file input-v9.cif (mmCIF, N, CA and C atoms)
data_query
#
loop_
_atom_site.label_atom_id
_atom_site.label_comp_id
_atom_site.auth_asym_id
_atom_site.auth_seq_id
_atom_site.Cartn_x
_atom_site.Cartn_y
_atom_site.Cartn_z
N MET N 1 62.70 14.51 -12.81
CA MET N 1 62.06 14.78 -11.54
C MET N 1 60.72 15.50 -11.76
N LYS N 2 60.76 16.46 -12.68
CA LYS N 2 59.55 17.19 -12.98
C LYS N 2 58.48 16.26 -13.55
N LYS N 3 58.89 15.29 -14.39
CA LYS N 3 57.96 14.33 -14.96
C LYS N 3 57.39 13.42 -13.87
N LEU N 4 58.23 13.01 -12.92
CA LEU N 4 57.79 12.15 -11.82
C LEU N 4 56.78 12.89 -10.94
N PHE N 5 57.05 14.18 -10.67
CA PHE N 5 56.13 14.97 -9.87
C PHE N 5 54.79 15.12 -10.59
N THR N 6 54.82 15.43 -11.89
CA THR N 6 53.59 15.59 -12.67
C THR N 6 52.81 14.29 -12.72
N PHE N 7 53.51 13.18 -12.94
CA PHE N 7 52.86 11.87 -12.97
C PHE N 7 52.22 11.55 -11.62
N SER N 8 52.93 11.81 -10.53
CA SER N 8 52.41 11.55 -9.18
C SER N 8 51.18 12.41 -8.90
N PHE N 9 51.26 13.68 -9.30
CA PHE N 9 50.14 14.59 -9.10
C PHE N 9 48.90 14.11 -9.87
N LEU N 10 49.09 13.68 -11.10
CA LEU N 10 47.97 13.18 -11.91
C LEU N 10 47.38 11.90 -11.31
N MET N 11 48.22 11.02 -10.83
CA MET N 11 47.74 9.77 -10.22
C MET N 11 46.95 10.05 -8.95
N ILE N 12 47.43 10.96 -8.12
CA ILE N 12 46.73 11.29 -6.87
C ILE N 12 45.39 11.96 -7.19
N SER N 13 45.39 12.86 -8.18
CA SER N 13 44.15 13.53 -8.58
C SER N 13 43.13 12.52 -9.10
N ALA N 14 43.59 11.59 -9.93
CA ALA N 14 42.69 10.56 -10.46
C ALA N 14 42.14 9.69 -9.33
N LEU N 15 42.98 9.39 -8.35
CA LEU N 15 42.55 8.57 -7.21
C LEU N 15 41.43 9.28 -6.44
N PHE N 16 41.59 10.59 -6.22
CA PHE N 16 40.55 11.34 -5.52
C PHE N 16 39.25 11.39 -6.33
N VAL N 17 39.36 11.60 -7.63
CA VAL N 17 38.17 11.66 -8.47
C VAL N 17 37.44 10.33 -8.47
N PHE N 18 38.16 9.23 -8.64
CA PHE N 18 37.51 7.92 -8.66
C PHE N 18 36.93 7.54 -7.31
N SER N 19 37.61 7.90 -6.24
CA SER N 19 37.09 7.54 -4.92
C SER N 19 35.84 8.36 -4.60
N ALA N 20 35.77 9.60 -5.07
CA ALA N 20 34.58 10.43 -4.84
C ALA N 20 33.39 9.90 -5.62
N CYS N 21 33.63 9.38 -6.80
CA CYS N 21 32.55 8.88 -7.65
C CYS N 21 32.05 7.51 -7.21
N SER N 22 32.85 6.77 -6.49
CA SER N 22 32.47 5.41 -6.15
C SER N 22 31.53 5.33 -4.95
N LYS N 23 31.40 6.39 -4.19
CA LYS N 23 30.52 6.36 -3.01
C LYS N 23 29.06 6.40 -3.46
N LYS N 24 28.26 5.56 -2.86
CA LYS N 24 26.82 5.56 -3.16
C LYS N 24 26.16 6.68 -2.39
N GLN N 25 25.34 7.42 -3.09
CA GLN N 25 24.58 8.47 -2.43
C GLN N 25 23.23 7.90 -2.02
N ILE N 26 22.86 8.16 -0.80
CA ILE N 26 21.58 7.69 -0.29
C ILE N 26 20.58 8.82 -0.44
N LYS N 27 19.57 8.57 -1.26
CA LYS N 27 18.55 9.58 -1.50
C LYS N 27 17.38 9.31 -0.57
N PRO N 28 16.84 10.37 0.02
CA PRO N 28 15.68 10.16 0.90
C PRO N 28 14.47 9.71 0.09
N VAL N 29 13.63 8.88 0.70
CA VAL N 29 12.41 8.40 0.06
C VAL N 29 11.38 9.53 0.12
N PRO N 30 10.79 9.89 -1.01
CA PRO N 30 9.78 10.96 -1.00
C PRO N 30 8.59 10.59 -0.12
N GLN N 31 7.99 11.60 0.48
CA GLN N 31 6.87 11.38 1.40
C GLN N 31 5.69 10.72 0.68
N ASP N 32 5.48 11.04 -0.60
CA ASP N 32 4.38 10.44 -1.35
C ASP N 32 4.54 8.93 -1.44
N VAL N 33 5.76 8.49 -1.66
CA VAL N 33 6.03 7.05 -1.77
C VAL N 33 5.78 6.38 -0.44
N THR N 34 6.26 6.98 0.63
CA THR N 34 6.07 6.42 1.97
C THR N 34 4.58 6.33 2.31
N LEU N 35 3.84 7.37 2.00
CA LEU N 35 2.39 7.38 2.28
C LEU N 35 1.66 6.33 1.45
N SER N 36 2.06 6.16 0.20
CA SER N 36 1.46 5.13 -0.65
C SER N 36 1.72 3.74 -0.09
N GLN N 37 2.94 3.49 0.34
CA GLN N 37 3.28 2.19 0.91
C GLN N 37 2.48 1.93 2.19
N GLN N 38 2.29 2.96 3.00
CA GLN N 38 1.49 2.81 4.22
C GLN N 38 0.04 2.49 3.86
N ALA N 39 -0.50 3.15 2.85
CA ALA N 39 -1.88 2.90 2.42
C ALA N 39 -2.04 1.47 1.94
N PHE N 40 -1.09 0.98 1.13
CA PHE N 40 -1.14 -0.40 0.66
C PHE N 40 -1.09 -1.37 1.83
N SER N 41 -0.25 -1.07 2.80
CA SER N 41 -0.10 -1.94 3.97
C SER N 41 -1.39 -1.99 4.78
N VAL N 42 -2.01 -0.84 5.00
CA VAL N 42 -3.27 -0.79 5.76
C VAL N 42 -4.35 -1.59 5.04
N LEU N 43 -4.47 -1.41 3.73
CA LEU N 43 -5.49 -2.15 2.98
C LEU N 43 -5.23 -3.65 3.00
N ASP N 44 -3.98 -4.05 2.96
CA ASP N 44 -3.66 -5.48 3.04
C ASP N 44 -4.01 -6.03 4.43
N GLN N 45 -3.77 -5.25 5.47
CA GLN N 45 -4.13 -5.68 6.82
C GLN N 45 -5.65 -5.77 6.99
N VAL N 46 -6.39 -4.84 6.38
CA VAL N 46 -7.86 -4.89 6.42
C VAL N 46 -8.33 -6.15 5.72
N ARG N 47 -7.75 -6.44 4.57
CA ARG N 47 -8.10 -7.65 3.81
C ARG N 47 -7.87 -8.90 4.65
N LYS N 48 -6.73 -8.99 5.30
CA LYS N 48 -6.41 -10.16 6.13
C LYS N 48 -7.35 -10.27 7.33
N ALA N 49 -7.63 -9.14 7.97
CA ALA N 49 -8.54 -9.15 9.12
C ALA N 49 -9.95 -9.57 8.69
N TYR N 50 -10.38 -9.15 7.53
CA TYR N 50 -11.69 -9.54 7.00
C TYR N 50 -11.73 -11.05 6.77
N LEU N 51 -10.70 -11.59 6.14
CA LEU N 51 -10.66 -13.03 5.86
C LEU N 51 -10.61 -13.86 7.13
N GLU N 52 -9.92 -13.33 8.15
CA GLU N 52 -9.81 -14.04 9.44
C GLU N 52 -10.99 -13.76 10.36
N LYS N 53 -11.89 -12.88 9.91
CA LYS N 53 -13.05 -12.45 10.70
C LYS N 53 -12.60 -11.87 12.04
N ASN N 54 -11.53 -11.08 12.01
CA ASN N 54 -10.93 -10.48 13.19
C ASN N 54 -11.52 -9.08 13.38
N ASP N 55 -12.58 -9.01 14.15
CA ASP N 55 -13.32 -7.77 14.36
C ASP N 55 -12.47 -6.70 15.05
N GLN N 56 -11.68 -7.09 16.01
CA GLN N 56 -10.85 -6.13 16.75
C GLN N 56 -9.80 -5.49 15.84
N ALA N 57 -9.19 -6.27 14.98
CA ALA N 57 -8.20 -5.73 14.04
C ALA N 57 -8.88 -4.76 13.07
N LEU N 58 -10.09 -5.08 12.61
CA LEU N 58 -10.82 -4.17 11.73
C LEU N 58 -11.12 -2.85 12.42
N LYS N 59 -11.48 -2.90 13.69
CA LYS N 59 -11.73 -1.66 14.45
C LYS N 59 -10.47 -0.80 14.52
N ASN N 60 -9.32 -1.46 14.72
CA ASN N 60 -8.06 -0.73 14.85
C ASN N 60 -7.59 -0.14 13.52
N LEU N 61 -8.00 -0.72 12.41
CA LEU N 61 -7.52 -0.30 11.09
C LEU N 61 -8.47 0.67 10.38
N THR N 62 -9.61 0.97 11.00
CA THR N 62 -10.61 1.82 10.37
C THR N 62 -11.03 2.95 11.29
N THR N 63 -11.58 3.99 10.67
CA THR N 63 -12.20 5.05 11.45
C THR N 63 -13.58 4.55 11.89
N GLU N 64 -14.27 5.31 12.72
CA GLU N 64 -15.62 4.90 13.14
C GLU N 64 -16.54 4.75 11.94
N GLU N 65 -16.47 5.70 11.02
CA GLU N 65 -17.30 5.65 9.82
C GLU N 65 -16.93 4.43 8.95
N GLY N 66 -15.64 4.20 8.81
CA GLY N 66 -15.19 3.06 8.01
C GLY N 66 -15.60 1.73 8.61
N TYR N 67 -15.50 1.62 9.93
CA TYR N 67 -15.89 0.38 10.60
C TYR N 67 -17.40 0.14 10.46
N SER N 68 -18.18 1.20 10.62
CA SER N 68 -19.64 1.10 10.50
C SER N 68 -20.02 0.65 9.08
N GLU N 69 -19.35 1.22 8.08
CA GLU N 69 -19.63 0.85 6.70
C GLU N 69 -19.27 -0.62 6.43
N LEU N 70 -18.13 -1.06 6.97
CA LEU N 70 -17.74 -2.47 6.80
C LEU N 70 -18.75 -3.40 7.45
N GLN N 71 -19.22 -3.06 8.62
CA GLN N 71 -20.19 -3.90 9.34
C GLN N 71 -21.50 -4.02 8.55
N LYS N 72 -21.93 -2.94 7.93
CA LYS N 72 -23.17 -2.96 7.15
C LYS N 72 -23.02 -3.80 5.89
N GLU N 73 -21.85 -3.75 5.26
CA GLU N 73 -21.64 -4.43 3.98
C GLU N 73 -21.27 -5.90 4.11
N THR N 74 -20.57 -6.24 5.16
CA THR N 74 -20.01 -7.59 5.27
C THR N 74 -21.11 -8.62 5.43
N LYS N 75 -21.04 -9.63 4.58
CA LYS N 75 -21.98 -10.75 4.62
C LYS N 75 -21.26 -11.95 5.22
N PRO N 76 -22.00 -12.82 5.91
CA PRO N 76 -21.35 -14.00 6.50
C PRO N 76 -20.86 -14.97 5.43
N PHE N 77 -19.75 -15.64 5.73
CA PHE N 77 -19.19 -16.64 4.84
C PHE N 77 -18.46 -17.68 5.67
N ASP N 78 -18.31 -18.88 5.12
CA ASP N 78 -17.58 -19.95 5.81
C ASP N 78 -16.08 -19.80 5.60
N SER N 79 -15.69 -19.56 4.35
CA SER N 79 -14.28 -19.33 4.03
C SER N 79 -14.21 -18.43 2.82
N ALA N 80 -13.04 -17.80 2.64
CA ALA N 80 -12.90 -16.89 1.51
C ALA N 80 -11.43 -16.73 1.14
N GLN N 81 -11.24 -16.33 -0.10
CA GLN N 81 -9.93 -15.91 -0.60
C GLN N 81 -10.16 -14.57 -1.27
N LEU N 82 -9.27 -13.62 -1.00
CA LEU N 82 -9.42 -12.29 -1.56
C LEU N 82 -8.03 -11.71 -1.83
N THR N 83 -7.84 -11.20 -3.04
CA THR N 83 -6.57 -10.57 -3.37
C THR N 83 -6.80 -9.13 -3.78
N PHE N 84 -5.86 -8.27 -3.42
CA PHE N 84 -5.89 -6.87 -3.80
C PHE N 84 -4.67 -6.58 -4.66
N ASP N 85 -4.88 -5.80 -5.71
CA ASP N 85 -3.79 -5.37 -6.56
C ASP N 85 -3.94 -3.85 -6.76
N PRO N 86 -3.19 -3.04 -5.98
CA PRO N 86 -3.32 -1.58 -6.08
C PRO N 86 -2.98 -1.09 -7.48
N ARG N 87 -3.79 -0.14 -7.97
CA ARG N 87 -3.61 0.38 -9.32
C ARG N 87 -3.28 1.87 -9.36
N TRP N 88 -3.87 2.66 -8.47
CA TRP N 88 -3.70 4.11 -8.54
C TRP N 88 -3.84 4.71 -7.16
N VAL N 89 -3.03 5.71 -6.87
CA VAL N 89 -3.09 6.41 -5.58
C VAL N 89 -3.18 7.90 -5.84
N GLU N 90 -4.08 8.56 -5.12
CA GLU N 90 -4.19 10.01 -5.17
C GLU N 90 -4.11 10.54 -3.75
N MET N 91 -3.43 11.68 -3.60
CA MET N 91 -3.28 12.29 -2.28
C MET N 91 -3.75 13.73 -2.34
N LYS N 92 -4.66 14.06 -1.45
CA LYS N 92 -5.15 15.43 -1.34
C LYS N 92 -5.20 15.77 0.14
N GLY N 93 -4.28 16.58 0.57
CA GLY N 93 -4.21 16.94 1.97
C GLY N 93 -3.98 15.72 2.84
N GLU N 94 -4.88 15.50 3.79
CA GLU N 94 -4.76 14.37 4.71
C GLU N 94 -5.42 13.10 4.18
N THR N 95 -6.03 13.17 3.00
CA THR N 95 -6.78 12.04 2.45
C THR N 95 -5.99 11.34 1.35
N VAL N 96 -5.97 10.01 1.43
CA VAL N 96 -5.34 9.18 0.42
C VAL N 96 -6.42 8.30 -0.18
N THR N 97 -6.55 8.33 -1.51
CA THR N 97 -7.53 7.51 -2.21
C THR N 97 -6.76 6.46 -3.02
N VAL N 98 -7.14 5.19 -2.85
CA VAL N 98 -6.45 4.10 -3.52
C VAL N 98 -7.44 3.30 -4.36
N ASN N 99 -7.12 3.17 -5.64
CA ASN N 99 -7.90 2.30 -6.54
C ASN N 99 -7.26 0.92 -6.50
N VAL N 100 -8.08 -0.10 -6.25
CA VAL N 100 -7.58 -1.46 -6.09
C VAL N 100 -8.39 -2.40 -6.97
N GLU N 101 -7.69 -3.24 -7.72
CA GLU N 101 -8.36 -4.32 -8.44
C GLU N 101 -8.40 -5.50 -7.49
N TRP N 102 -9.57 -6.13 -7.35
CA TRP N 102 -9.69 -7.25 -6.41
C TRP N 102 -10.32 -8.46 -7.09
N ASN N 103 -9.95 -9.62 -6.57
CA ASN N 103 -10.52 -10.91 -6.99
C ASN N 103 -10.85 -11.68 -5.73
N GLY N 104 -12.03 -12.27 -5.69
CA GLY N 104 -12.42 -13.00 -4.50
C GLY N 104 -13.22 -14.25 -4.78
N THR N 105 -13.11 -15.20 -3.87
CA THR N 105 -13.89 -16.43 -3.90
C THR N 105 -14.40 -16.66 -2.48
N TRP N 106 -15.71 -16.86 -2.36
CA TRP N 106 -16.32 -17.09 -1.06
C TRP N 106 -17.06 -18.42 -1.06
N VAL N 107 -17.04 -19.09 0.09
CA VAL N 107 -17.79 -20.33 0.26
C VAL N 107 -18.75 -20.11 1.43
N LYS N 108 -20.03 -20.37 1.15
CA LYS N 108 -21.05 -20.25 2.19
C LYS N 108 -22.03 -21.40 2.01
N ALA N 109 -22.15 -22.21 3.04
CA ALA N 109 -23.05 -23.37 3.03
C ALA N 109 -22.78 -24.27 1.83
N GLY N 110 -21.52 -24.46 1.54
CA GLY N 110 -21.13 -25.35 0.44
C GLY N 110 -21.22 -24.74 -0.94
N LYS N 111 -21.75 -23.54 -1.06
CA LYS N 111 -21.88 -22.87 -2.35
C LYS N 111 -20.71 -21.91 -2.56
N LYS N 112 -20.03 -22.07 -3.69
CA LYS N 112 -18.86 -21.25 -4.01
C LYS N 112 -19.26 -20.10 -4.93
N THR N 113 -18.85 -18.88 -4.56
CA THR N 113 -19.13 -17.68 -5.34
C THR N 113 -17.82 -16.98 -5.64
N SER N 114 -17.66 -16.56 -6.89
CA SER N 114 -16.47 -15.81 -7.27
C SER N 114 -16.89 -14.47 -7.87
N ASP N 115 -16.06 -13.47 -7.65
CA ASP N 115 -16.35 -12.15 -8.19
C ASP N 115 -15.03 -11.39 -8.28
N ARG N 116 -15.05 -10.34 -9.07
CA ARG N 116 -13.89 -9.47 -9.16
C ARG N 116 -14.38 -8.07 -9.48
N GLY N 117 -13.53 -7.08 -9.25
CA GLY N 117 -13.94 -5.71 -9.52
C GLY N 117 -12.85 -4.72 -9.21
N MET N 118 -13.25 -3.47 -9.24
CA MET N 118 -12.36 -2.37 -8.94
C MET N 118 -12.97 -1.59 -7.80
N ALA N 119 -12.21 -1.42 -6.73
CA ALA N 119 -12.69 -0.69 -5.57
C ALA N 119 -11.90 0.59 -5.39
N ILE N 120 -12.55 1.58 -4.80
CA ILE N 120 -11.87 2.83 -4.46
C ILE N 120 -12.01 3.02 -2.96
N PHE N 121 -10.86 3.02 -2.28
CA PHE N 121 -10.82 3.16 -0.83
C PHE N 121 -10.30 4.54 -0.46
N GLU N 122 -10.90 5.12 0.57
CA GLU N 122 -10.44 6.41 1.08
C GLU N 122 -9.84 6.18 2.46
N LEU N 123 -8.62 6.62 2.65
CA LEU N 123 -7.93 6.50 3.93
C LEU N 123 -7.57 7.90 4.42
N ASN N 124 -7.62 8.09 5.73
CA ASN N 124 -7.15 9.35 6.30
C ASN N 124 -6.69 9.12 7.73
N ASP N 125 -6.41 10.20 8.42
CA ASP N 125 -5.83 10.19 9.77
C ASP N 125 -4.35 9.85 9.68
N ARG N 126 -3.67 9.99 10.77
CA ARG N 126 -2.27 9.57 10.88
C ARG N 126 -2.14 8.80 12.16
N PRO N 127 -1.79 7.55 12.20
CA PRO N 127 -1.50 6.72 11.05
C PRO N 127 -2.76 6.50 10.21
N LEU N 128 -2.55 6.14 8.95
CA LEU N 128 -3.66 5.97 8.01
C LEU N 128 -4.64 4.91 8.48
N LYS N 129 -5.93 5.20 8.27
CA LYS N 129 -7.01 4.25 8.58
C LYS N 129 -8.02 4.30 7.44
N LEU N 130 -8.66 3.16 7.20
CA LEU N 130 -9.71 3.11 6.19
C LEU N 130 -10.89 3.94 6.67
N ASN N 131 -11.28 4.93 5.87
CA ASN N 131 -12.38 5.81 6.26
C ASN N 131 -13.67 5.48 5.52
N ARG N 132 -13.57 5.20 4.20
CA ARG N 132 -14.76 4.89 3.42
C ARG N 132 -14.39 4.02 2.23
N ILE N 133 -15.38 3.32 1.73
CA ILE N 133 -15.23 2.60 0.47
C ILE N 133 -16.12 3.36 -0.51
N LEU N 134 -15.47 4.05 -1.43
CA LEU N 134 -16.21 4.94 -2.33
C LEU N 134 -16.91 4.20 -3.45
N LYS N 135 -16.36 3.06 -3.85
CA LYS N 135 -16.95 2.35 -4.99
C LYS N 135 -16.43 0.91 -5.03
N GLY N 136 -17.29 -0.02 -5.44
CA GLY N 136 -16.89 -1.39 -5.74
C GLY N 136 -16.39 -2.23 -4.59
N SER N 137 -17.03 -2.18 -3.47
CA SER N 137 -16.57 -2.90 -2.28
C SER N 137 -16.48 -4.41 -2.49
N PRO N 138 -15.33 -5.00 -2.16
CA PRO N 138 -15.21 -6.45 -2.23
C PRO N 138 -15.82 -7.14 -1.01
N PHE N 139 -16.20 -6.38 -0.01
CA PHE N 139 -16.69 -6.96 1.24
C PHE N 139 -18.19 -7.23 1.21
N LYS N 140 -18.85 -6.90 0.12
CA LYS N 140 -20.30 -7.13 0.01
C LYS N 140 -20.64 -8.56 -0.36
N ASP N 141 -19.67 -9.31 -0.86
CA ASP N 141 -19.89 -10.70 -1.26
C ASP N 141 -19.74 -11.63 -0.07
N PRO N 142 -20.28 -12.78 -0.05
CA PRO N 142 -21.12 -13.40 -1.08
C PRO N 142 -22.55 -12.85 -0.98
N GLN N 143 -23.16 -12.67 -2.12
CA GLN N 143 -24.51 -12.12 -2.14
C GLN N 143 -25.56 -13.19 -2.20
#
call {"tool": "encode", "arguments": {"input": "input-v9.cif", "output": "structure tokens"}}
result
Amino acid sequence: MKKLFTFSFLMISALFVFSACSKKQIKPVPQDVTLSQQAFSVLDQVRKAYLEKNDQALKNLTTEEGYSELQKETKPFDSAQLTFDPRWVEMKGETVTVNVEWNGTWVKAGKKTSDRGMAIFELNDRPLKLNRILKGSPFKDPQ
């Protein structure tokens, strides 16, 4: 009887230990990761709005300064392809800086132009908006 009780106690204890270990723990997503994902999303939406020549979407995705800078840099084109590949994100207070590798092809009046480079975008506000292009703007092409 004593052996049966000990065996039962060990089996029940093992059952509790295994059942406690089998539950998946849900870890919260760090704020840095969430902010990075939002920055990537905003930049992708800006890229799409630029390709579609959607001025209203660009206004909604940028600050006044960012929109003004885009308007000054953007050159007319008939069609374009542009890809962004985020490389590095830095966060300082309310400002998020994203380094992006880009590749683009533009067609204007039958002439095809290709270029690639590294751009640095500054986003701020909440929700995030493109505030400035610090270096290597892909929106200056075709030249």
call {"tool": "closest_residue", "arguments": {"input": "input-v9.cif", "among": "N:Thr105, N:Gln45, N:Ser114, N:Gln143", "to": "N:Ala57", "atoms": "only N, CA and C atoms"}}
result
N:Gln45
call {"tool": "select_by_dssp", "arguments": {"input": "input-v9.cif", "residues": "stretch 15-80 of chain N", "states": "helix (DSSP H, G or I)", "output": "MDAnalysis selection string"}}
result
chainID N and resid 15:22 31:52 55:61 64:73
call {"tool": "atom_distance", "arguments": {"input": "input-v9.cif", "atom1": "atom CA of N:Phe121", "atom2": "atom CA of N:Lys92"}}
result
13.5 Å
call {"tool": "closest_residue", "arguments": {"input": "input-v9.cif", "among": "N:Asn124, N:Asn131, N:Ser68, N:Thr74", "to": "N:Trp106", "atoms": "only C-alpha atoms"}}
result
N:Thr74
call {"tool": "atom_distance", "arguments": {"input": "input-v9.cif", "atom1": "atom CA of N:Leu123", "atom2": "atom CA of N:Arg87"}}
result
15.2 Å
call {"tool": "residues_near_point", "arguments": {"input": "input-v9.cif", "point": "(-12.5, -13.0, -6.9)", "cutoff": "7 Å", "atoms": "only N, CA and C atoms", "output": "list in words"}}
result
Gln81, Leu82, Thr83, Trp102, Asn103, Gly104, Thr105, Trp106, Thr113, Ser114, Asp115, Arg116 and Gly117 of chain N
call {"tool": "write_last_selection", "arguments": {"input": "input-v9.cif", "atoms": "N, CA and C atoms", "output": "PDB file, in the coordinates of the input"}}
result
ATOM      1  N   GLN N  81     -11.240 -16.330  -0.100  1.00  0.00           N
ATOM      2  CA  GLN N  81      -9.930 -15.910  -0.600  1.00  0.00           C
ATOM      3  C   GLN N  81     -10.160 -14.570  -1.270  1.00  0.00           C
ATOM      4  N   LEU N  82      -9.270 -13.620  -1.000  1.00  0.00           N
ATOM      5  CA  LEU N  82      -9.420 -12.290  -1.560  1.00  0.00           C
ATOM      6  C   LEU N  82      -8.030 -11.710  -1.830  1.00  0.00           C
ATOM      7  N   THR N  83      -7.840 -11.200  -3.040  1.00  0.00           N
ATOM      8  CA  THR N  83      -6.570 -10.570  -3.370  1.00  0.00           C
ATOM      9  C   THR N  83      -6.800  -9.130  -3.780  1.00  0.00           C
ATOM     10  N   TRP N 102      -9.570  -6.130  -7.350  1.00  0.00           N
ATOM     11  CA  TRP N 102      -9.690  -7.250  -6.410  1.00  0.00           C
ATOM     12  C   TRP N 102     -10.320  -8.460  -7.090  1.00  0.00           C
ATOM     13  N   ASN N 103      -9.950  -9.620  -6.570  1.00  0.00           N
ATOM     14  CA  ASN N 103     -10.520 -10.910  -6.990  1.00  0.00           C
ATOM     15  C   ASN N 103     -10.850 -11.680  -5.730  1.00  0.00           C
ATOM     16  N   GLY N 104     -12.030 -12.270  -5.690  1.00  0.00           N
ATOM     17  CA  GLY N 104     -12.420 -13.000  -4.500  1.00  0.00           C
ATOM     18  C   GLY N 104     -13.220 -14.250  -4.780  1.00  0.00           C
ATOM     19  N   THR N 105     -13.110 -15.200  -3.870  1.00  0.00           N
ATOM     20  CA  THR N 105     -13.890 -16.430  -3.900  1.00  0.00           C
ATOM     21  C   THR N 105     -14.400 -16.660  -2.480  1.00  0.00           C
ATOM     22  N   TRP N 106     -15.710 -16.860  -2.360  1.00  0.00           N
ATOM     23  CA  TRP N 106     -16.320 -17.090  -1.060  1.00  0.00           C
ATOM     24  C   TRP N 106     -17.060 -18.420  -1.060  1.00  0.00           C
ATOM     25  N   THR N 113     -18.850 -18.880  -4.560  1.00  0.00           N
ATOM     26  CA  THR N 113     -19.130 -17.680  -5.340  1.00  0.00           C
ATOM     27  C   THR N 113     -17.820 -16.980  -5.640  1.00  0.00           C
ATOM     28  N   SER N 114     -17.660 -16.560  -6.890  1.00  0.00           N
ATOM     29  CA  SER N 114     -16.470 -15.810  -7.270  1.00  0.00           C
ATOM     30  C   SER N 114     -16.890 -14.470  -7.870  1.00  0.00           C
ATOM     31  N   ASP N 115     -16.060 -13.470  -7.650  1.00  0.00           N
ATOM     32  CA  ASP N 115     -16.350 -12.150  -8.190  1.00  0.00           C
ATOM     33  C   ASP N 115     -15.030 -11.390  -8.280  1.00  0.00           C
ATOM     34  N   ARG N 116     -15.050 -10.340  -9.070  1.00  0.00           N
ATOM     35  CA  ARG N 116     -13.890  -9.470  -9.160  1.00  0.00           C
ATOM     36  C   ARG N 116     -14.380  -8.070  -9.480  1.00  0.00           C
ATOM     37  N   GLY N 117     -13.530  -7.080  -9.250  1.00  0.00           N
ATOM     38  CA  GLY N 117     -13.940  -5.710  -9.520  1.00  0.00           C
ATOM     39  C   GLY N 117     -12.850  -4.720  -9.210  1.00  0.00           C
TER      40      GLY N 117
END
call {"tool": "select_by_dssp", "arguments": {"input": "input-v9.cif", "residues": "stretch 55-140 of chain N", "states": "strand (DSSP E)", "output": "MDAnalysis selection string"}}
result
chainID N and resid 79:92 95:108 111:124 129:135
call {"tool": "residues_around", "arguments": {"input": "input-v9.cif", "residues": "N:Ala119", "least_positions_apart": "5", "cutoff": "6.5 Å", "atoms": "all atoms listed in the file", "output": "list in words"}}
result
Val98, Asn99, Val100, Glu101, Trp102, Leu134, Lys135, Gly136, Ser137 and Pro138 of chain N
call {"tool": "atom_distance", "arguments": {"input": "input-v9.cif", "atom1": "atom CA of N:Lys48", "atom2": "atom CA of N:Leu61"}}
result
11.1 Å
call {"tool": "resolve_selection", "arguments": {"input": "input-v9.cif", "expression": "the PyMOL selection byres ((chain N and resi 128) around 8)", "output": "VMD selection string"}}
result
chain N and resid 38 to 39 42 to 43 60 to 63 123 to 127 129 to 131
call {"tool": "residues_around", "arguments": {"input": "input-v9.cif", "residues": "N:Asp78", "least_positions_apart": "2", "cutoff": "8 Å", "atoms": "only C-alpha atoms", "output": "JSON, numbers by chain"}}
result
{"N": [76, 80, 106, 107, 108, 109]}
call {"tool": "axis_aligned_box", "arguments": {"input": "input-v9.cif", "around": "stretch 23-39 of chain N", "padding_each_side": "6 Å", "output": "AutoDock Vina command-line options"}}
result
--center_x 14.7 --center_y 6.5 --center_z 0.0 --size_x 45.4 --size_y 22.1 --size_z 20.4
call {"tool": "closest_residue", "arguments": {"input": "input-v9.cif", "among": "N:Lys24, N:Arg132, N:Lys112, N:Lys75", "to": "N:Tyr50", "atoms": "only C-alpha atoms"}}
result
N:Lys75
